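Here's my_file25.tsv, which has TSV, C-alpha atoms and all ligand atoms:
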```tsv
chain	number	residue	atom	x	y	z
A	116	MET	CA	3.63	7.74	-28.66
A	117	ASN	CA	3.84	7.00	-24.97
A	118	LYS	CA	1.52	4.52	-23.33
A	119	ILE	CA	-0.55	5.73	-20.40
A	120	LEU	CA	-2.14	3.51	-17.77
A	121	VAL	CA	-5.42	5.02	-16.56
A	122	THR	CA	-6.60	3.42	-13.34
A	123	GLY	CA	-10.31	4.01	-12.81
A	124	GLY	CA	-10.55	4.83	-16.51
A	125	ALA	CA	-14.12	3.56	-16.77
A	126	GLY	CA	-15.33	6.09	-14.19
A	127	TYR	CA	-16.69	9.59	-14.57
A	128	ILE	CA	-13.51	11.69	-14.79
A	129	GLY	CA	-11.40	8.80	-16.13
A	130	SER	CA	-13.63	8.14	-19.14
A	131	HIS	CA	-13.58	11.81	-20.17
A	132	THR	CA	-9.81	11.92	-19.78
A	133	VAL	CA	-9.35	8.79	-21.89
A	134	VAL	CA	-11.22	10.50	-24.76
A	135	LEU	CA	-8.81	13.45	-24.75
A	136	LEU	CA	-5.71	11.26	-24.35
A	137	VAL	CA	-6.65	9.08	-27.32
A	138	GLU	CA	-7.58	12.12	-29.41
A	139	ALA	CA	-4.15	13.56	-28.61
A	140	GLY	CA	-2.51	10.38	-29.92
A	141	TYR	CA	-1.64	8.58	-26.68
A	142	ASP	CA	-1.99	4.83	-26.36
A	143	VAL	CA	-4.18	4.15	-23.35
A	144	VAL	CA	-4.67	1.11	-21.15
A	145	ILE	CA	-7.66	1.24	-18.81
A	146	PHE	CA	-7.46	-0.64	-15.52
A	147	ASP	CA	-10.68	-0.82	-13.51
A	148	ASN	CA	-12.54	-3.25	-11.24
A	149	PHE	CA	-15.93	-1.73	-12.18
A	150	SER	CA	-16.87	-1.30	-8.52
A	151	ASN	CA	-18.42	2.06	-9.41
A	152	SER	CA	-18.69	2.00	-13.20
A	153	SER	CA	-19.73	-0.16	-16.12
A	154	LYS	CA	-18.09	-1.50	-19.26
A	155	GLU	CA	-20.64	0.43	-21.27
A	156	SER	CA	-18.75	3.67	-20.57
A	157	ILE	CA	-15.69	2.22	-22.32
A	158	LYS	CA	-17.80	1.10	-25.30
A	159	ARG	CA	-19.12	4.65	-25.60
A	160	VAL	CA	-15.62	6.11	-25.37
A	161	GLU	CA	-14.51	3.72	-28.13
A	162	LYS	CA	-17.35	5.00	-30.29
A	163	LEU	CA	-16.40	8.60	-29.65
A	164	VAL	CA	-12.73	8.11	-30.56
A	165	ASN	CA	-13.44	5.44	-33.17
A	166	LYS	CA	-10.75	3.18	-31.74
A	167	LYS	CA	-10.56	0.03	-29.61
A	168	ILE	CA	-9.20	0.75	-26.14
A	169	GLU	CA	-7.14	-1.76	-24.15
A	170	LEU	CA	-8.86	-2.82	-20.95
A	171	ILE	CA	-7.47	-4.90	-18.13
A	172	GLU	CA	-10.03	-5.71	-15.48
A	173	GLY	CA	-8.50	-5.81	-12.04
A	174	ASP	CA	-8.14	-4.29	-8.60
A	175	ILE	CA	-5.38	-1.86	-7.61
A	176	ARG	CA	-5.07	-3.78	-4.34
A	177	SER	CA	-3.89	-6.86	-6.24
A	178	LYS	CA	-0.22	-6.93	-7.27
A	179	ASP	CA	-0.98	-9.85	-9.57
A	180	ASP	CA	-3.71	-7.92	-11.37
A	181	LEU	CA	-1.44	-4.92	-11.79
A	182	GLN	CA	1.53	-6.98	-12.92
A	183	LYS	CA	-0.59	-8.23	-15.84
A	184	VAL	CA	-0.66	-4.65	-17.14
A	185	PHE	CA	3.11	-4.26	-17.00
A	186	ASP	CA	3.68	-7.72	-18.50
A	187	ALA	CA	1.52	-6.86	-21.48
A	188	HIS	CA	2.42	-3.19	-21.99
A	189	LYS	CA	5.35	-0.85	-21.69
A	190	ILE	CA	3.72	1.87	-19.57
A	191	ASP	CA	5.30	5.32	-19.53
A	192	SER	CA	3.05	7.09	-16.99
A	193	VAL	CA	0.06	6.38	-14.81
A	194	ILE	CA	-2.98	8.58	-14.28
A	195	HIS	CA	-4.45	7.26	-11.06
A	196	PHE	CA	-8.21	7.88	-10.73
A	197	ALA	CA	-9.20	4.57	-9.13
A	198	GLY	CA	-10.69	5.10	-5.70
A	199	LEU	CA	-13.85	5.34	-3.68
A	200	LYS	CA	-15.26	8.85	-3.34
A	201	ALA	CA	-18.46	9.00	-1.27
A	202	VAL	CA	-17.91	11.12	1.83
A	203	GLY	CA	-20.86	9.75	3.86
A	204	GLU	CA	-20.01	6.15	3.00
A	205	SER	CA	-16.42	6.75	4.12
A	206	VAL	CA	-17.68	7.74	7.58
A	207	GLU	CA	-19.65	4.47	7.82
A	208	GLN	CA	-16.97	2.24	6.26
A	209	PRO	CA	-13.59	3.85	7.02
A	210	LEU	CA	-11.57	0.64	6.72
A	211	ARG	CA	-12.93	0.00	3.24
A	212	TYR	CA	-11.82	3.50	2.22
A	213	TYR	CA	-8.33	3.20	3.73
A	214	ASP	CA	-7.95	-0.23	2.15
A	215	ASN	CA	-9.12	0.81	-1.30
A	216	ASN	CA	-7.66	4.31	-1.56
A	217	VAL	CA	-4.52	4.15	0.58
A	218	TYR	CA	-3.44	0.50	0.45
A	219	GLY	CA	-4.52	0.38	-3.21
A	220	THR	CA	-2.28	3.35	-4.08
A	221	VAL	CA	0.67	1.93	-2.11
A	222	THR	CA	0.27	-1.35	-4.01
A	223	LEU	CA	0.09	0.47	-7.32
A	224	CYS	CA	3.30	2.39	-6.56
A	225	GLU	CA	5.09	-0.79	-5.52
A	226	VAL	CA	4.22	-2.50	-8.78
A	227	MET	CA	5.11	0.62	-10.76
A	228	ALA	CA	8.54	0.84	-9.08
A	229	LYS	CA	9.20	-2.85	-9.64
A	230	ASN	CA	8.55	-2.33	-13.34
A	231	GLY	CA	10.59	0.87	-13.61
A	232	CYS	CA	7.58	3.15	-14.16
A	233	LYS	CA	7.88	6.21	-11.90
A	234	LYS	CA	5.51	8.82	-13.29
A	235	ILE	CA	2.16	9.26	-11.61
A	236	ILE	CA	-0.63	11.82	-11.71
A	237	PHE	CA	-2.89	11.47	-8.68
A	238	SER	CA	-6.53	12.56	-8.26
A	239	SER	CA	-6.57	14.62	-5.10
A	240	SER	CA	-9.35	16.90	-4.00
A	241	ALA	CA	-10.16	20.35	-2.66
A	242	THR	CA	-11.49	18.48	0.36
A	243	VAL	CA	-7.87	18.49	1.65
A	244	TYR	CA	-8.27	22.19	2.49
A	245	GLY	CA	-10.91	21.38	5.12
A	246	ASP	CA	-12.71	24.60	6.07
A	247	PRO	CA	-10.40	27.27	4.62
A	248	GLU	CA	-10.00	30.55	6.52
A	249	THR	CA	-10.15	32.59	3.33
A	250	THR	CA	-10.94	32.15	-0.37
A	251	PRO	CA	-9.74	31.89	-3.11
A	252	ILE	CA	-7.71	28.88	-2.02
A	253	LEU	CA	-4.00	28.66	-2.87
A	254	GLU	CA	-2.01	25.43	-2.95
A	255	ASN	CA	0.05	26.45	0.10
A	256	PHE	CA	-3.01	26.83	2.37
A	257	PRO	CA	-3.06	24.54	5.42
A	258	THR	CA	-4.61	21.12	4.87
A	259	SER	CA	-6.89	19.08	7.10
A	260	ALA	CA	-9.50	16.38	6.74
A	261	THR	CA	-12.98	16.25	8.17
A	262	ASN	CA	-13.86	12.69	7.12
A	263	PRO	CA	-12.12	9.41	6.22
A	264	TYR	CA	-12.44	10.02	2.46
A	265	GLY	CA	-10.60	13.33	2.77
A	266	ARG	CA	-8.04	11.69	5.03
A	267	THR	CA	-7.29	9.07	2.36
A	268	LYS	CA	-6.50	11.88	-0.09
A	269	LEU	CA	-4.22	13.63	2.42
A	270	MET	CA	-2.50	10.36	3.33
A	271	VAL	CA	-1.86	9.47	-0.29
A	272	GLU	CA	-0.46	12.95	-0.96
A	273	GLU	CA	1.95	12.48	1.98
A	274	ILE	CA	2.88	8.96	0.90
A	275	LEU	CA	3.70	10.17	-2.60
A	276	ARG	CA	5.82	13.02	-1.19
A	277	ASP	CA	7.73	10.51	0.98
A	278	LEU	CA	8.23	8.32	-2.05
A	279	TYR	CA	9.81	11.23	-3.90
A	280	ILE	CA	12.08	12.02	-0.92
A	281	SER	CA	13.26	8.40	-0.97
A	282	ASP	CA	13.82	8.37	-4.74
A	283	SER	CA	13.83	11.63	-6.68
A	284	SER	CA	13.60	9.84	-10.01
A	285	TRP	CA	9.83	9.65	-9.39
A	286	GLN	CA	7.78	12.30	-11.18
A	287	ILE	CA	4.61	13.04	-9.23
A	288	VAL	CA	1.72	15.42	-9.85
A	289	LEU	CA	-1.03	15.89	-7.27
A	290	LEU	CA	-4.10	17.44	-8.88
A	291	ARG	CA	-6.61	18.89	-6.43
A	292	TYR	CA	-10.00	18.98	-8.14
A	293	PHE	CA	-12.69	21.36	-7.00
A	294	ASN	CA	-16.26	20.29	-7.99
A	295	PRO	CA	-16.28	18.37	-11.31
A	296	VAL	CA	-19.58	18.53	-13.21
A	297	GLY	CA	-20.94	18.35	-16.76
A	298	SER	CA	-20.22	15.78	-19.40
A	299	HIS	CA	-18.83	15.28	-22.90
A	300	SER	CA	-20.65	17.49	-25.40
A	301	SER	CA	-21.94	14.40	-27.26
A	302	GLY	CA	-24.12	13.49	-24.26
A	303	THR	CA	-23.01	9.85	-24.62
A	304	ILE	CA	-20.76	9.67	-21.54
A	305	GLY	CA	-21.37	11.31	-18.18
A	306	GLU	CA	-21.71	10.92	-14.45
A	307	ASP	CA	-23.75	7.85	-13.50
A	308	PRO	CA	-24.10	7.70	-9.72
A	309	ASN	CA	-25.42	4.59	-7.99
A	310	GLY	CA	-28.68	5.15	-6.10
A	311	ILE	CA	-29.44	8.56	-4.64
A	312	PRO	CA	-26.81	11.06	-5.79
A	313	ASN	CA	-24.70	12.58	-3.00
A	314	ASN	CA	-23.58	15.50	-5.11
A	315	LEU	CA	-25.55	18.54	-6.14
A	316	MET	CA	-25.38	18.47	-9.94
A	317	PRO	CA	-26.43	14.86	-10.54
A	318	PHE	CA	-29.24	15.39	-8.05
A	319	ILE	CA	-30.46	18.51	-9.86
A	320	ALA	CA	-30.26	16.66	-13.18
A	321	GLN	CA	-32.40	13.83	-11.82
A	322	VAL	CA	-35.00	16.31	-10.57
A	323	ALA	CA	-35.05	17.96	-14.01
A	324	VAL	CA	-35.60	14.64	-15.77
A	325	GLY	CA	-38.42	13.71	-13.36
A	326	LYS	CA	-36.64	10.93	-11.46
A	327	ARG	CA	-36.77	12.89	-8.19
A	328	GLU	CA	-39.48	15.18	-6.95
A	329	PHE	CA	-37.45	18.05	-5.50
A	330	LEU	CA	-33.97	19.11	-4.43
A	331	SER	CA	-33.20	19.54	-0.74
A	332	VAL	CA	-31.04	22.64	-0.39
A	333	PHE	CA	-28.76	21.93	2.56
A	334	GLY	CA	-28.90	25.21	4.48
A	335	ASP	CA	-29.77	28.78	3.50
A	336	ASP	CA	-28.11	30.52	6.42
A	337	TYR	CA	-24.47	30.41	5.36
A	338	ASP	CA	-22.51	33.63	5.10
A	339	THR	CA	-22.77	33.75	1.29
A	340	HIS	CA	-24.59	36.04	-1.17
A	341	ASP	CA	-27.87	34.07	-0.91
A	342	GLY	CA	-27.21	31.94	2.18
A	343	THR	CA	-26.57	28.69	0.27
A	344	GLY	CA	-23.19	26.97	-0.10
A	345	VAL	CA	-20.76	28.32	-2.69
A	346	ARG	CA	-18.48	26.01	-4.72
A	347	ASP	CA	-16.10	26.11	-7.67
A	348	TYR	CA	-17.81	23.92	-10.30
A	349	ILE	CA	-15.47	22.82	-13.06
A	350	HIS	CA	-16.43	21.21	-16.35
A	351	VAL	CA	-15.18	17.62	-16.50
A	352	VAL	CA	-13.79	18.15	-20.02
A	353	ASP	CA	-11.69	21.08	-18.75
A	354	LEU	CA	-10.52	18.82	-15.94
A	355	ALA	CA	-9.65	16.08	-18.44
A	356	ASP	CA	-7.69	18.64	-20.47
A	357	ALA	CA	-5.61	19.49	-17.38
A	358	HIS	CA	-4.62	15.81	-17.12
A	359	LEU	CA	-3.55	15.82	-20.76
A	360	LYS	CA	-1.40	18.89	-20.12
A	361	ALA	CA	0.05	17.32	-16.97
A	362	VAL	CA	1.02	14.16	-18.88
A	363	ASN	CA	2.59	16.27	-21.64
A	364	LYS	CA	4.69	18.20	-19.12
A	365	ILE	CA	5.48	15.58	-16.50
A	366	ASP	CA	9.09	15.16	-17.65
A	367	ASP	CA	9.75	18.86	-16.98
A	368	PHE	CA	8.95	18.65	-13.27
A	369	SER	CA	11.76	18.24	-10.78
A	370	GLU	CA	9.67	18.21	-7.60
A	371	VAL	CA	6.28	16.92	-6.47
A	372	MET	CA	3.77	19.27	-8.10
A	373	THR	CA	0.59	20.15	-6.23
A	374	ILE	CA	-1.93	21.94	-8.43
A	375	ASN	CA	-5.47	23.26	-7.91
A	376	LEU	CA	-7.93	22.58	-10.72
A	377	GLY	CA	-10.85	24.97	-10.52
A	378	THR	CA	-12.25	27.94	-12.40
A	379	GLY	CA	-11.63	30.48	-9.65
A	380	GLU	CA	-15.33	31.36	-9.52
A	381	GLY	CA	-17.84	30.43	-6.86
A	382	TYR	CA	-21.52	29.66	-7.49
A	383	SER	CA	-24.17	29.03	-4.85
A	384	VAL	CA	-26.64	26.13	-4.80
A	385	LEU	CA	-29.40	28.48	-5.93
A	386	ASP	CA	-27.20	29.92	-8.71
A	387	MET	CA	-26.77	26.37	-9.99
A	388	VAL	CA	-30.50	25.63	-9.76
A	389	LYS	CA	-31.23	28.72	-11.83
A	390	ALA	CA	-28.52	27.95	-14.40
A	391	PHE	CA	-29.81	24.39	-14.77
A	392	GLU	CA	-33.40	25.59	-15.21
A	393	GLU	CA	-32.26	27.90	-17.99
A	394	ALA	CA	-30.18	25.20	-19.69
A	395	SER	CA	-32.86	22.51	-19.50
A	396	GLY	CA	-36.04	24.52	-19.78
A	397	LYS	CA	-37.33	22.46	-16.82
A	398	SER	CA	-38.27	23.77	-13.43
A	399	ILE	CA	-36.28	22.43	-10.47
A	400	PRO	CA	-38.51	22.45	-7.38
A	401	TYR	CA	-36.51	22.73	-4.17
A	402	LYS	CA	-37.04	22.85	-0.41
A	403	ILE	CA	-34.73	24.39	2.14
A	404	ALA	CA	-33.43	21.65	4.46
A	405	PRO	CA	-31.01	21.68	7.41
A	406	ARG	CA	-27.29	22.03	6.78
A	407	ARG	CA	-25.51	18.79	5.89
A	408	ALA	CA	-22.96	17.74	8.51
A	409	GLY	CA	-19.41	18.60	7.52
A	410	ASP	CA	-20.36	21.11	4.79
A	411	ILE	CA	-18.58	24.45	4.58
A	412	ALA	CA	-19.92	27.80	3.39
A	413	THR	CA	-17.55	28.69	0.59
A	414	CYS	CA	-14.87	26.91	-1.40
A	415	PHE	CA	-13.24	28.13	-4.59
A	416	ALA	CA	-9.80	27.92	-6.09
A	417	ASP	CA	-7.10	30.32	-7.02
A	418	PRO	CA	-6.22	28.49	-10.26
A	419	SER	CA	-3.29	30.73	-11.28
A	420	TYR	CA	-0.62	28.13	-10.50
A	421	ALA	CA	-2.23	25.68	-12.98
A	422	LYS	CA	-2.03	28.38	-15.62
A	423	GLU	CA	1.61	29.13	-14.84
A	424	ILE	CA	2.78	25.51	-14.61
A	425	LEU	CA	0.53	23.62	-17.01
A	426	GLY	CA	-0.54	26.45	-19.30
A	427	TRP	CA	-4.06	25.35	-18.42
A	428	GLU	CA	-7.17	27.27	-17.49
A	429	ALA	CA	-10.82	26.33	-17.44
A	430	LYS	CA	-12.66	27.44	-20.57
A	431	LYS	CA	-16.20	26.23	-20.02
A	432	GLY	CA	-18.62	28.20	-17.86
A	433	VAL	CA	-21.62	27.23	-15.78
A	434	LYS	CA	-24.01	27.52	-18.74
A	435	GLN	CA	-22.09	24.90	-20.70
A	436	MET	CA	-21.72	22.69	-17.63
A	437	CYS	CA	-25.50	22.65	-17.21
A	438	GLU	CA	-26.26	22.24	-20.92
A	439	ASP	CA	-23.89	19.28	-21.24
A	440	SER	CA	-25.05	17.69	-18.03
A	441	TRP	CA	-28.66	18.00	-19.24
A	442	ARG	CA	-27.82	16.49	-22.64
A	443	TRP	CA	-26.33	13.45	-20.90
A	444	GLN	CA	-29.13	13.15	-18.34
A	445	SER	CA	-32.02	13.64	-20.77
A	446	SER	CA	-30.67	11.17	-23.33
A	447	ASN	CA	-29.64	8.61	-20.67
A	448	PRO	CA	-32.24	9.02	-17.90
A	449	SER	CA	-31.20	5.72	-16.30
A	450	GLY	CA	-27.46	6.17	-16.85
A	451	TYR	CA	-25.47	3.58	-18.78
A	501	LIG	P1	-15.73	7.23	-10.25
A	501	LIG	O1	-16.23	6.41	-9.12
A	501	LIG	O2	-16.67	7.52	-11.38
A	501	LIG	O3	-14.42	6.57	-10.87
A	501	LIG	C1	-13.52	5.82	-10.11
A	501	LIG	C2	-13.24	4.53	-10.87
A	501	LIG	O4	-12.31	3.75	-10.11
A	501	LIG	C3	-14.48	3.66	-11.06
A	501	LIG	O5	-14.56	3.25	-12.41
A	501	LIG	C4	-14.25	2.47	-10.14
A	501	LIG	O6	-14.86	1.28	-10.63
A	501	LIG	C5	-12.74	2.40	-10.11
A	501	LIG	N1	-12.18	1.78	-8.90
A	501	LIG	C6	-12.49	2.06	-7.61
A	501	LIG	N2	-11.76	1.28	-6.79
A	501	LIG	C7	-10.97	0.51	-7.57
A	501	LIG	C8	-10.01	-0.49	-7.31
A	501	LIG	N3	-9.72	-0.87	-6.06
A	501	LIG	N4	-9.37	-1.08	-8.34
A	501	LIG	C9	-9.67	-0.72	-9.61
A	501	LIG	N5	-10.58	0.21	-9.92
A	501	LIG	C10	-11.22	0.83	-8.91
A	501	LIG	O7	-15.16	8.58	-9.63
A	501	LIG	P2	-14.67	9.92	-10.35
A	501	LIG	O8	-15.64	10.98	-10.00
A	501	LIG	O9	-14.33	9.67	-11.76
A	501	LIG	O10	-13.37	10.20	-9.51
A	501	LIG	C11	-12.08	9.80	-9.94
A	501	LIG	C12	-11.06	10.16	-8.89
A	501	LIG	O11	-11.10	11.56	-8.64
A	501	LIG	C13	-11.30	9.50	-7.53
A	501	LIG	O12	-10.05	9.15	-6.97
A	501	LIG	C14	-11.94	10.59	-6.71
A	501	LIG	O13	-11.70	10.45	-5.34
A	501	LIG	C15	-11.26	11.82	-7.26
A	501	LIG	N6	-12.05	13.04	-7.09
A	501	LIG	C16	-13.35	13.07	-7.55
A	501	LIG	C17	-14.11	14.22	-7.37
A	501	LIG	C18	-15.55	14.24	-7.80
A	501	LIG	O14	-16.30	15.05	-7.25
A	501	LIG	N7	-15.99	13.43	-8.75
A	501	LIG	C19	-13.54	15.34	-6.75
A	501	LIG	C20	-12.22	15.27	-6.32
A	501	LIG	C21	-11.48	14.12	-6.50
A	502	LIG	C1	-22.18	21.10	-3.33
A	502	LIG	C2	-23.13	22.08	-2.61
A	502	LIG	C3	-24.08	21.19	-0.60
A	502	LIG	C4	-26.49	18.08	-2.55
A	502	LIG	C5	-18.02	16.85	-2.49
A	502	LIG	C6	-16.93	16.21	-1.67
A	502	LIG	C7	-15.60	16.66	-2.15
A	502	LIG	C8	-15.44	16.45	-3.66
A	502	LIG	C9	-16.60	17.00	-4.42
A	502	LIG	C10	-14.41	14.33	-4.05
A	502	LIG	C11	-22.94	22.09	-1.09
A	502	LIG	C12	-25.15	21.46	-1.63
A	502	LIG	C13	-25.62	19.13	-2.30
A	502	LIG	C14	-27.87	18.27	-2.33
A	502	LIG	C15	-27.44	20.52	-1.64
A	502	LIG	N1	-15.41	15.06	-4.00
A	502	LIG	N2	-26.08	20.34	-1.85
A	502	LIG	N3	-28.29	19.48	-1.89
A	502	LIG	O1	-19.80	18.79	-0.76
A	502	LIG	O2	-18.72	20.57	-2.21
A	502	LIG	O3	-17.92	18.26	-2.34
A	502	LIG	O4	-17.82	16.52	-3.87
A	502	LIG	O5	-13.28	14.62	-3.74
A	502	LIG	O6	-14.65	15.94	-1.45
A	502	LIG	O7	-17.09	16.58	-0.31
A	502	LIG	O8	-20.10	18.79	-3.30
A	502	LIG	O9	-21.98	18.44	-4.81
A	502	LIG	O10	-22.03	17.34	-2.54
A	502	LIG	O11	-22.30	19.81	-2.72
A	502	LIG	O12	-27.87	21.59	-1.23
A	502	LIG	O13	-28.69	17.35	-2.51
A	502	LIG	O14	-24.47	21.66	-2.84
A	502	LIG	O15	-24.53	21.51	0.68
A	502	LIG	O16	-23.15	23.41	-0.67
A	502	LIG	P1	-19.16	19.18	-2.04
A	502	LIG	P2	-21.65	18.50	-3.38
```

Taking this structure as input, can you express it in the form of structure tokens?
Amino acid sequence: MNKILVTGGAGYIGSHTVVLLVEAGYDVVIFDNFSNSSKESIKRVEKLVNKKIELIEGDIRSKDDLQKVFDAHKIDSVIHFAGLKAVGESVEQPLRYYDNNVYGTVTLCEVMAKNGCKKIIFSSSATVYGDPETTPILENFPTSATNPYGRTKLMVEEILRDLYISDSSWQIVLLRYFNPVGSHSSGTIGEDPNGIPNNLMPFIAQVAVGKREFLSVFGDDYDTHDGTGVRDYIHVVDLADAHLKAVNKIDDFSEVMTINLGTGEGYSVLDMVKAFEEASGKSIPYKIAPRRAGDIATCFADPSYAKEILGWEAKKGVKQMCEDSWRWQSSNPSGY
């Protein structure tokens, strides 16, 4: 079976994807610098799949670190999750984001090319749609970035398209994730943010478990059904499954593929609060706060292209997202 290099494989989406890849019979090598994750996540994945997983600790910005992977393993394709992802931090530290996400990806591609490995699946984001004029969002909608993080995703997409123009033997898939949430049904791996969570679901989970007093709801005057922001939350295991399907099909693609990964359904902040209360049996106190700078009212995918091209669609609904997220949070209140 083919060997897959998973950069950022110790992180939230990477660790869930590794589980599915190994279960499907792929050999996996994880490459991570643990800047936003811990080795414990890999230990837990090994327990889940009952198999030792190859790990090479290193930084995607280091050609020497990356070359160690290709010296030790014959890699068929790369799933590239490694990157920094905090929007607010990217505004304060733009150079760090361009260095890590853009330079890091360029370096990865250089080392891949040198070693004759030209298949890459890249973690892009719905953030590349900026503030869309209409929803649901199709892949051919105009793109724009409102912060350095989003710009790194757009730049990498463009760089990968240029790479393909220069050498069409590359096989490239750009997966644009909407809002990944939830965790593996075992509750042993999950999202483990550092410090105060930036994102809604981990924040709600920490309120439910008693680590935070209340949720600040950022704005209740948007043009949505209850005034709070609407997003397309997607279960991380569904997302992981889309990566498995993309790896399985990558040899069939003869152009750069750009694919939305969402459910196609939008839920508001207050919908999510209610769903989490029902799943956890805990009450989630909240206060209405001012809008957060840069937020948009509504964002949800048209996921029909993913179905057509990958034969993939999201299976898990909001109830399961909340139940699984609660299982992880309540059994690991301090994360890993
Ligand atoms: P994460 O922070 O949990 O995982 C990223 C992993 O990459 C971490 O383990 C981190 O240690 C590693 N890493 C970071 N920089 C590295 C470097 N220079 N060298 C080696 N390893 C490095 O994040 P995640 O939520 O799993 O996200 C994975 C990818 O998906 C990221 O590229 C992110 O931008 C993208 N994405 C995430 C979301 C989301 O909401 N979680 C949405 C859209 C896109
Ligand atoms: C969801 C909704 C908030 C926190 C971000 C990135 C995006 C992508 C996914 C990586 C919004 C509201 C949130 C809180 C709240 N990541 N909210 N109180 O902003 O849709 O997307 O993560 O690519 O690029 O921008 O996700 O979870 O932060 O917010 O009211 O404490 O919850 O205003 O309406 P977002 P989010």

Legend entry - Pick from A:Pro295, A:Gly129, A:Pro317, A:Gly344 nearest to ligand LIG 502 (chain A), counting all atoms listed in the file: A:Gly344

Between chain A and ligand LIG 502 (chain A), at 8 Å or less, what are the per-residue closest atom pairs and their distances in Å? Count all atoms listed in the file, order by chain and rising residue number, and return it as CSV.
```
residue,atom,partner,partner_atom,distance
A:Lys200,CA,A:LIG502,C10,5.6
A:Ala201,CA,A:LIG502,C10,7.2
A:Val202,CA,A:LIG502,O7,5.9
A:Ser239,CA,A:LIG502,O5,6.8
A:Ser240,CA,A:LIG502,O5,4.6
A:Ala241,CA,A:LIG502,O6,6.4
A:Thr242,CA,A:LIG502,O6,4.4
A:Val243,CA,A:LIG502,O6,7.9
A:Tyr264,CA,A:LIG502,O6,7.4
A:Gly265,CA,A:LIG502,O6,6.4
A:Tyr292,CA,A:LIG502,O5,7.0
A:Phe293,CA,A:LIG502,C9,6.4
A:Asn294,CA,A:LIG502,C9,4.9
A:Pro295,CA,A:LIG502,C9,7.0
A:Pro312,CA,A:LIG502,O13,7.3
A:Asn313,CA,A:LIG502,O10,5.5
A:Asn314,CA,A:LIG502,O9,3.4
A:Leu315,CA,A:LIG502,C4,3.7
A:Met316,CA,A:LIG502,O9,6.2
A:Phe318,CA,A:LIG502,O13,5.9
A:Ile319,CA,A:LIG502,O13,7.6
A:Leu330,CA,A:LIG502,O13,5.9
A:Ser331,CA,A:LIG502,N3,5.0
A:Val332,CA,A:LIG502,O12,3.4
A:Phe333,CA,A:LIG502,O12,3.9
A:Gly334,CA,A:LIG502,O12,6.8
A:Thr343,CA,A:LIG502,O16,6.4
A:Gly344,CA,A:LIG502,O16,3.6
A:Val345,CA,A:LIG502,O16,5.8
A:Arg346,CA,A:LIG502,O2,6.0
A:Ser383,CA,A:LIG502,O16,7.1
A:Val384,CA,A:LIG502,O14,5.3
A:Ala404,CA,A:LIG502,O12,8.0
A:Arg406,CA,A:LIG502,O15,6.7
A:Arg407,CA,A:LIG502,O15,6.0
A:Asp410,CA,A:LIG502,O15,5.9
A:Ile411,CA,A:LIG502,O16,7.0
A:Ala412,CA,A:LIG502,O16,6.8
A:Thr413,CA,A:LIG502,O16,7.8
A:Cys414,CA,A:LIG502,O2,7.5
```

Legend entry - Contacts with ligand LIG 501 (chain A) at most 7 Å, only C-alpha atoms and all ligand atoms counted, listed as a ChimeraX atom specification: /A:122-129,146-152,173-176,196-200,215,219,238-241,291-295,306

Inset, instruction - Go through A:Val296, A:Ile424, A:Ile349, A:Val217 and flag the residue nearest Glu273 (chain A), using all atoms listed in the file for the distances. - result: A:Val217

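The coordinates place CA of Tyr244 (chain A) at 18.4 Å from CA of Tyr337 (chain A).
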
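Closest approach to Thr222 (chain A) among A:Ser446, A:Ser177, A:Ser301, A:Asn117 is made by A:Ser177 (distances from all atoms listed in the file).
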
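Among A:Val193, A:Ile287, A:Leu135, A:Met227, the residue with the shortest atom-to-atom distance to Asp367 (chain A), counting only C-alpha atoms, is A:Ile287.
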